[in-house]
Amino acid sequence: MYNPRLFCGLLCLLLCTVAAPAFAQEAGESVRLRGAITEDVYAAGGSVDVSAIVEGDVVVAGGTVTIGERVSGDVMAAGGSVNVQADVGDDVRLAGGDVRLSGAVGDDAIAAGGNVMLAPESTVGGRAWLSGGRVEVAGVIGGELKAAGDRIVLSGHVRGDVVLTGRAISILDSAIIDGNLHYRSERAADIASGAQIRGTVSHEPVEYPIVEMVATAATVGVLILLNLLVAGSALFLLLPRVVESAVDTLRAEPWKCGGLGLAVFAATPVVTGVLFMTLIGGLTAVVTVALYALLLLTGFLTAVFHVGDLG
């Protein structure tokens, strides 16, 4: 039986506030979930298809990810291709080569990828923050829209303000913006005569490299969040006893653990530098750097679990 306190730590890592005492997990080359699931779902595989009604959160990663039925909580997904057709009760956080959202989202939507699309039938109850090589927004967004990308096409309805950063920006005839439109681009946006913009329109000219940097930074930020999500899920699911023991030790002896951690954090780069300066120690230094990075990630995740445990 997994410790519910550690599960709270995982939820802290995912920036969620909903806790649950149980979850379902699946892994394999091809994962398919059907029917009704009354708990959180964690799944990973070459192909992941969640076509079940889930009364909880869904956290998945795979080459191809499809979520096709209602989810009462959050959806967090990463993959080569991510397609969310389900109605989601809370937030969605998506990353992939191709990301498509065509369901109804109760709160916020965050997505990053090579191609990101909010389909015409999609609705987002809160804000939408999108980043990608090509970003298309054809659905309805209840709050503000922030998007960054090389090519941005807006044809849907945004009930809040819109902030866009891109090299080529198009606002089509069907677009409706109830708030203000502010965009950063090296050239003026292509705004169709039929587009309805009920607030002000402002253009901030910027050079293309800056636009590219902003889009890249936004994409990297989302990818880092989702990579931490996947790493935390893997650590929690594969080594639950080890995580529980580490958290118990950290809770019992916080100063001892903190001091040891700081010592390793400070000393390892010095030792590695010395090893790199010797011919014999070069290979050892490479291995040490790899282990150091792994320990930093594991230590960070353990600390997050500990914070969730305290909460």
# chains A, B, ... in the order shown; residues from 1 in each chain; ligands from 1
>>> select_by_dssp(residues="range 20-88 of chain A", states="strand (DSSP E or B)", output="PyMOL selection string")
chain A and resi 23-37+40-54+58-67+71+75-84+88
>>> residues_around(residues="range 133-137 of chain A", least_positions_apart="3", cutoff="6 Å", atoms="only C-alpha atoms", output="PDB file with N, CA and C atoms, in the first residue's frame")
ATOM      1  N   GLY A 114       5.746  21.162 -31.051  1.00  0.00           N
ATOM      2  CA  GLY A 114       6.063  21.598 -32.409  1.00  0.00           C
ATOM      3  C   GLY A 114       4.862  22.251 -33.058  1.00  0.00           C
ATOM      4  N   ASN A 115       3.709  21.583 -32.952  1.00  0.00           N
ATOM      5  CA  ASN A 115       2.435  22.132 -33.428  1.00  0.00           C
ATOM      6  C   ASN A 115       1.420  22.032 -32.299  1.00  0.00           C
ATOM      7  N   VAL A 116       0.800  23.143 -31.976  1.00  0.00           N
ATOM      8  CA  VAL A 116      -0.199  23.177 -30.906  1.00  0.00           C
ATOM      9  C   VAL A 116      -1.494  23.714 -31.483  1.00  0.00           C
ATOM     10  N   MET A 117      -2.594  22.967 -31.275  1.00  0.00           N
ATOM     11  CA  MET A 117      -3.870  23.393 -31.836  1.00  0.00           C
ATOM     12  C   MET A 117      -4.996  23.253 -30.828  1.00  0.00           C
ATOM     13  N   LEU A 118      -5.753  24.329 -30.651  1.00  0.00           N
ATOM     14  CA  LEU A 118      -7.034  24.292 -29.963  1.00  0.00           C
ATOM     15  C   LEU A 118      -8.096  24.224 -31.047  1.00  0.00           C
ATOM     16  N   GLY A 149       5.212  31.713 -30.601  1.00  0.00           N
ATOM     17  CA  GLY A 149       5.572  30.732 -31.615  1.00  0.00           C
ATOM     18  C   GLY A 149       6.061  31.396 -32.876  1.00  0.00           C
ATOM     19  N   ASP A 150       6.550  30.599 -33.785  1.00  0.00           N
ATOM     20  CA  ASP A 150       6.994  31.122 -35.075  1.00  0.00           C
ATOM     21  C   ASP A 150       5.795  31.599 -35.886  1.00  0.00           C
ATOM     22  N   ARG A 151       4.728  30.791 -35.890  1.00  0.00           N
ATOM     23  CA  ARG A 151       3.509  31.106 -36.645  1.00  0.00           C
ATOM     24  C   ARG A 151       2.314  30.963 -35.723  1.00  0.00           C
ATOM     25  N   ILE A 152       1.511  32.015 -35.592  1.00  0.00           N
ATOM     26  CA  ILE A 152       0.334  32.006 -34.725  1.00  0.00           C
ATOM     27  C   ILE A 152      -0.891  32.375 -35.551  1.00  0.00           C
ATOM     28  N   VAL A 153      -1.923  31.537 -35.465  1.00  0.00           N
ATOM     29  CA  VAL A 153      -3.171  31.780 -36.189  1.00  0.00           C
ATOM     30  C   VAL A 153      -4.312  31.768 -35.180  1.00  0.00           C
ATOM     31  N   LEU A 154      -5.042  32.867 -35.110  1.00  0.00           N
ATOM     32  CA  LEU A 154      -6.175  32.978 -34.194  1.00  0.00           C
ATOM     33  C   LEU A 154      -7.463  33.118 -34.991  1.00  0.00           C
ATOM     34  N   GLY A 156     -10.529  31.792 -33.242  1.00  0.00           N
ATOM     35  CA  GLY A 156     -11.569  31.497 -32.268  1.00  0.00           C
ATOM     36  C   GLY A 156     -12.015  32.719 -31.494  1.00  0.00           C
TER      37      GLY A 156
END
>>> closest_residue(among="A:Glu144, A:Asp108, A:Asp87, A:Asp178", to="Ser122 in chain A", atoms="only C-alpha atoms")
A:Asp87
>>> atom_distance(atom1="CA of Gly63 in chain A", atom2="CA of Trp129 in chain A")
23.1 Å
>>> closest_residue(among="A:Gly68, A:Gly56, A:Gly199, A:Pro120", to="Gly89 in chain A", atoms="only C-alpha atoms")
A:Gly56
>>> atom_distance(atom1="CA of Ala119 in chain A", atom2="CA of Ala104 in chain A")
10.4 Å
